[in-house]
Amino acid sequence: GYIYEFGEVDGADVLSRLNYLVRLRDRKTGEVVWTHTYNHDEPAAEKTVPAVVIAMDKNVQRSVQEVNSALAEYFQTNPPK
């Protein structure tokens with residue numbers, strides 16, 4: 001996969017931005033059989049380093065849950081042979 005953005009965005013509000021793409025390939029053919037893009041801005045509670053770290057952690061945890069759910073759905077439809 002590719003990580004496009006992972007960091008703090010400063011503006012009127014402070015955000016944690018996470019944007020990445022993950023792919024699943026068939027090991028035998030090398031063909032990409034599944035892709036998922038994650039892109040989310042998680043607002044920080046305030047403009048402090050600890051608040052931004054908490055927002056980043058929430059964003060990463062959210063992304064892991066989303067990818068896990070999408071993979072589970074893929075494997076339910078396409079069970080390994």
# chains A, B, ... in the order shown; residues from 1 in each chain; ligands from 1
>>> residues_around(residues="Tyr20 of chain A", least_positions_apart="3", cutoff="6 Å", atoms="only C-alpha atoms", output="list in words")
Tyr2, Ile3, Tyr4, Thr37 and Tyr38 of chain A
>>> select_by_dssp(residues="segment 4-35 of chain A", states="strand (DSSP E or B)", output="JSON list (two decimals) with N, CA, C and O atoms, in the first residue's frame")
[["chain", "number", "residue", "atom", "x", "y", "z"],
["A", 4, "TYR", "N", -0.22, 8.33, 1.96],
["A", 4, "TYR", "CA", -0.17, 9.62, 1.28],
["A", 4, "TYR", "C", -0.01, 10.77, 2.27],
["A", 4, "TYR", "O", 0.73, 11.70, 2.01],
["A", 5, "GLU", "N", -0.74, 10.69, 3.38],
["A", 5, "GLU", "CA", -0.63, 11.74, 4.40],
["A", 5, "GLU", "C", -0.82, 11.13, 5.78],
["A", 5, "GLU", "O", -1.69, 10.28, 5.98],
["A", 6, "PHE", "N", 0.00, 11.58, 6.70],
["A", 6, "PHE", "CA", -0.14, 11.19, 8.10],
["A", 6, "PHE", "C", 0.47, 12.31, 8.91],
["A", 6, "PHE", "O", 1.70, 12.43, 9.02],
["A", 7, "GLY", "N", -0.37, 13.19, 9.43],
["A", 7, "GLY", "CA", 0.19, 14.29, 10.19],
["A", 7, "GLY", "C", -0.85, 15.28, 10.66],
["A", 7, "GLY", "O", -2.05, 15.07, 10.54],
["A", 8, "GLU", "N", -0.34, 16.35, 11.16],
["A", 8, "GLU", "CA", -1.14, 17.43, 11.74],
["A", 8, "GLU", "C", -1.43, 18.46, 10.66],
["A", 8, "GLU", "O", -0.58, 18.81, 9.85],
["A", 9, "VAL", "N", -2.66, 18.97, 10.67],
["A", 9, "VAL", "CA", -3.06, 20.04, 9.77],
["A", 9, "VAL", "C", -3.49, 21.22, 10.65],
["A", 9, "VAL", "O", -4.42, 21.09, 11.44],
["A", 15, "LEU", "N", -6.20, 19.41, 13.08],
["A", 15, "LEU", "CA", -6.70, 18.10, 12.69],
["A", 15, "LEU", "C", -5.56, 17.09, 12.59],
["A", 15, "LEU", "O", -4.42, 17.47, 12.32],
["A", 16, "SER", "N", -5.90, 15.84, 12.74],
["A", 16, "SER", "CA", -5.01, 14.74, 12.40],
["A", 16, "SER", "C", -5.50, 14.20, 11.06],
["A", 16, "SER", "O", -6.64, 13.77, 10.95],
["A", 17, "ARG", "N", -4.65, 14.24, 10.05],
["A", 17, "ARG", "CA", -5.03, 13.76, 8.72],
["A", 17, "ARG", "C", -4.32, 12.44, 8.43],
["A", 17, "ARG", "O", -3.11, 12.34, 8.58],
["A", 18, "LEU", "N", -5.12, 11.46, 8.01],
["A", 18, "LEU", "CA", -4.57, 10.17, 7.63],
["A", 18, "LEU", "C", -5.20, 9.76, 6.30],
["A", 18, "LEU", "O", -6.43, 9.74, 6.17],
["A", 19, "ASN", "N", -4.35, 9.47, 5.33],
["A", 19, "ASN", "CA", -4.81, 9.09, 3.99],
["A", 19, "ASN", "C", -3.86, 8.02, 3.47],
["A", 19, "ASN", "O", -2.66, 8.26, 3.36],
["A", 20, "TYR", "N", -4.41, 6.83, 3.20],
["A", 20, "TYR", "CA", -3.57, 5.76, 2.67],
["A", 20, "TYR", "C", -4.38, 4.79, 1.83],
["A", 20, "TYR", "O", -5.61, 4.79, 1.85],
["A", 21, "LEU", "N", -3.67, 3.98, 1.08],
["A", 21, "LEU", "CA", -4.24, 2.95, 0.23],
["A", 21, "LEU", "C", -3.61, 1.63, 0.60],
["A", 21, "LEU", "O", -2.38, 1.55, 0.75],
["A", 22, "VAL", "N", -4.43, 0.59, 0.74],
["A", 22, "VAL", "CA", -3.92, -0.76, 0.97],
["A", 22, "VAL", "C", -4.44, -1.67, -0.13],
["A", 22, "VAL", "O", -5.53, -1.46, -0.66],
["A", 23, "ARG", "N", -3.62, -2.65, -0.47],
["A", 23, "ARG", "CA", -3.98, -3.60, -1.52],
["A", 23, "ARG", "C", -3.73, -5.02, -1.02],
["A", 23, "ARG", "O", -2.81, -5.25, -0.25],
["A", 24, "LEU", "N", -4.52, -5.93, -1.54],
["A", 24, "LEU", "CA", -4.33, -7.34, -1.27],
["A", 24, "LEU", "C", -4.08, -8.02, -2.61],
["A", 24, "LEU", "O", -4.86, -7.85, -3.55],
["A", 25, "ARG", "N", -2.98, -8.74, -2.68],
["A", 25, "ARG", "CA", -2.62, -9.42, -3.92],
["A", 25, "ARG", "C", -2.77, -10.93, -3.77],
["A", 25, "ARG", "O", -2.52, -11.48, -2.70],
["A", 32, "VAL", "N", -3.89, -7.87, -8.09],
["A", 32, "VAL", "CA", -4.53, -7.16, -6.98],
["A", 32, "VAL", "C", -5.99, -7.58, -6.96],
["A", 32, "VAL", "O", -6.71, -7.41, -7.94],
["A", 33, "VAL", "N", -6.42, -8.15, -5.82],
["A", 33, "VAL", "CA", -7.79, -8.66, -5.71],
["A", 33, "VAL", "C", -8.68, -7.79, -4.82],
["A", 33, "VAL", "O", -9.90, -7.97, -4.81],
["A", 34, "TRP", "N", -8.05, -6.87, -4.11],
["A", 34, "TRP", "CA", -8.82, -6.01, -3.19],
["A", 34, "TRP", "C", -8.01, -4.75, -2.93],
["A", 34, "TRP", "O", -6.79, -4.81, -2.80],
["A", 35, "THR", "N", -8.69, -3.62, -2.90],
["A", 35, "THR", "CA", -8.06, -2.36, -2.51],
["A", 35, "THR", "C", -8.99, -1.61, -1.58],
["A", 35, "THR", "O", -10.21, -1.79, -1.61]]
>>> closest_residue(among="A:Val14, A:His36, A:Ala55, A:Arg27", to="Gly1 of chain A", atoms="only C-alpha atoms")
A:His36
>>> closest_residue(among="A:Lys28, A:Val49, A:Glu42, A:Tyr74", to="Arg62 of chain A", atoms="only C-alpha atoms")
A:Glu42
>>> select_by_dssp(residues="chain A", states="helix (DSSP H, G or I)", output="VMD selection string")
chain A and resid 49 to 77
>>> residues_around(residues="Gly11 of chain A", least_positions_apart="6", cutoff="12 Å", atoms="only C-alpha atoms", output="ChimeraX atom specification")
/A:43-44,46-47
>>> write_last_selection(atoms="N, CA and C atoms", output="PDB file, in the first residue's frame")
ATOM      1  N   PRO A  43     -10.570  15.726  14.209  1.00  0.00           N
ATOM      2  CA  PRO A  43     -10.303  16.990  14.896  1.00  0.00           C
ATOM      3  C   PRO A  43      -9.660  16.770  16.264  1.00  0.00           C
ATOM      4  N   ALA A  44      -8.729  17.633  16.592  1.00  0.00           N
ATOM      5  CA  ALA A  44      -8.124  17.623  17.930  1.00  0.00           C
ATOM      6  C   ALA A  44      -9.007  18.468  18.845  1.00  0.00           C
ATOM      7  N   GLU A  46      -8.093  20.422  21.171  1.00  0.00           N
ATOM      8  CA  GLU A  46      -7.502  21.752  21.373  1.00  0.00           C
ATOM      9  C   GLU A  46      -6.162  21.808  20.653  1.00  0.00           C
ATOM     10  N   LYS A  47      -5.564  22.974  20.631  1.00  0.00           N
ATOM     11  CA  LYS A  47      -4.286  23.164  19.933  1.00  0.00           C
ATOM     12  C   LYS A  47      -3.108  22.907  20.864  1.00  0.00           C
TER      13      LYS A  47
END
>>> decode(residues="segment 4-19 of chain A", atoms="all heavy atoms", output="short mmCIF file (atom, residue, chain, number, x, y, z; two decimals), in the first residue's frame")
data_model
loop_
_atom_site.label_atom_id
_atom_site.label_comp_id
_atom_site.auth_asym_id
_atom_site.auth_seq_id
_atom_site.Cartn_x
_atom_site.Cartn_y
_atom_site.Cartn_z
N TYR A 4 -0.22 8.33 1.96
CA TYR A 4 -0.17 9.62 1.28
C TYR A 4 -0.01 10.77 2.27
O TYR A 4 0.73 11.70 2.01
CB TYR A 4 -1.42 9.83 0.43
CG TYR A 4 -1.56 8.80 -0.66
CD1 TYR A 4 -2.60 7.88 -0.65
CD2 TYR A 4 -0.65 8.73 -1.70
CE1 TYR A 4 -2.73 6.93 -1.65
CE2 TYR A 4 -0.76 7.79 -2.70
CZ TYR A 4 -1.81 6.90 -2.68
OH TYR A 4 -1.93 5.94 -3.66
N GLU A 5 -0.74 10.69 3.38
CA GLU A 5 -0.63 11.74 4.40
C GLU A 5 -0.82 11.13 5.78
O GLU A 5 -1.69 10.28 5.98
CB GLU A 5 -1.72 12.80 4.21
CG GLU A 5 -1.56 13.66 2.98
CD GLU A 5 -2.61 14.75 2.92
OE1 GLU A 5 -2.39 15.80 3.54
OE2 GLU A 5 -3.64 14.51 2.26
N PHE A 6 0.00 11.58 6.70
CA PHE A 6 -0.14 11.19 8.10
C PHE A 6 0.47 12.31 8.91
O PHE A 6 1.70 12.43 9.02
CB PHE A 6 0.57 9.87 8.39
CG PHE A 6 0.48 9.45 9.84
CD1 PHE A 6 -0.75 9.23 10.44
CD2 PHE A 6 1.62 9.29 10.60
CE1 PHE A 6 -0.83 8.83 11.77
CE2 PHE A 6 1.54 8.90 11.93
CZ PHE A 6 0.32 8.67 12.51
N GLY A 7 -0.37 13.19 9.43
CA GLY A 7 0.19 14.29 10.19
C GLY A 7 -0.85 15.28 10.66
O GLY A 7 -2.05 15.07 10.54
N GLU A 8 -0.34 16.35 11.16
CA GLU A 8 -1.14 17.43 11.74
C GLU A 8 -1.43 18.46 10.66
O GLU A 8 -0.58 18.81 9.85
CB GLU A 8 -0.34 18.07 12.87
CG GLU A 8 -0.98 19.27 13.51
CD GLU A 8 -0.10 19.88 14.59
OE1 GLU A 8 0.85 19.21 15.06
OE2 GLU A 8 -0.36 21.03 14.95
N VAL A 9 -2.66 18.97 10.67
CA VAL A 9 -3.06 20.04 9.77
C VAL A 9 -3.49 21.22 10.65
O VAL A 9 -4.42 21.09 11.44
CB VAL A 9 -4.22 19.62 8.85
CG1 VAL A 9 -4.64 20.77 7.96
CG2 VAL A 9 -3.83 18.41 8.02
N ASP A 10 -2.77 22.32 10.53
CA ASP A 10 -3.08 23.51 11.31
C ASP A 10 -3.92 24.47 10.48
O ASP A 10 -3.66 24.70 9.31
CB ASP A 10 -1.80 24.23 11.75
CG ASP A 10 -1.01 23.41 12.75
OD1 ASP A 10 -1.63 22.78 13.61
OD2 ASP A 10 0.23 23.40 12.65
N GLY A 11 -4.91 25.03 11.11
CA GLY A 11 -5.79 26.02 10.49
C GLY A 11 -6.61 26.63 11.60
O GLY A 11 -6.15 26.75 12.74
N ALA A 12 -7.84 26.98 11.28
CA ALA A 12 -8.74 27.47 12.32
C ALA A 12 -8.88 26.41 13.42
O ALA A 12 -8.95 26.73 14.60
CB ALA A 12 -10.09 27.81 11.72
N ASP A 13 -8.92 25.16 12.98
CA ASP A 13 -8.93 24.02 13.89
C ASP A 13 -7.69 23.18 13.59
O ASP A 13 -7.13 23.23 12.51
CB ASP A 13 -10.18 23.16 13.68
CG ASP A 13 -11.45 23.90 14.03
OD1 ASP A 13 -11.46 24.60 15.07
OD2 ASP A 13 -12.42 23.78 13.27
N VAL A 14 -7.28 22.38 14.56
CA VAL A 14 -6.16 21.46 14.36
C VAL A 14 -6.74 20.07 14.11
O VAL A 14 -7.65 19.63 14.81
CB VAL A 14 -5.22 21.44 15.58
CG1 VAL A 14 -4.11 20.43 15.39
CG2 VAL A 14 -4.64 22.82 15.83
N LEU A 15 -6.20 19.41 13.08
CA LEU A 15 -6.70 18.10 12.69
C LEU A 15 -5.56 17.09 12.59
O LEU A 15 -4.42 17.47 12.32
CB LEU A 15 -7.35 18.17 11.30
CG LEU A 15 -8.42 19.19 11.06
CD1 LEU A 15 -8.71 19.30 9.57
CD2 LEU A 15 -9.67 18.82 11.82
N SER A 16 -5.90 15.84 12.74
CA SER A 16 -5.01 14.74 12.40
C SER A 16 -5.50 14.20 11.06
O SER A 16 -6.64 13.77 10.95
CB SER A 16 -5.09 13.65 13.46
OG SER A 16 -4.60 12.44 12.94
N ARG A 17 -4.65 14.24 10.05
CA ARG A 17 -5.03 13.76 8.72
C ARG A 17 -4.32 12.44 8.43
O ARG A 17 -3.11 12.34 8.58
CB ARG A 17 -4.69 14.78 7.66
CG ARG A 17 -5.03 14.31 6.26
CD ARG A 17 -4.99 15.43 5.26
NE ARG A 17 -6.11 16.32 5.54
CZ ARG A 17 -6.16 17.57 5.11
NH1 ARG A 17 -5.17 18.10 4.40
NH2 ARG A 17 -7.21 18.33 5.40
N LEU A 18 -5.12 11.46 8.01
CA LEU A 18 -4.57 10.17 7.63
C LEU A 18 -5.20 9.76 6.30
O LEU A 18 -6.43 9.74 6.17
CB LEU A 18 -4.86 9.12 8.70
CG LEU A 18 -4.34 7.70 8.47
CD1 LEU A 18 -2.84 7.68 8.17
CD2 LEU A 18 -4.66 6.83 9.67
N ASN A 19 -4.35 9.47 5.33
CA ASN A 19 -4.81 9.09 3.99
C ASN A 19 -3.86 8.02 3.47
O ASN A 19 -2.66 8.26 3.36
CB ASN A 19 -4.81 10.32 3.08
CG ASN A 19 -5.27 10.03 1.67
OD1 ASN A 19 -5.53 8.90 1.30
ND2 ASN A 19 -5.35 11.07 0.88
#
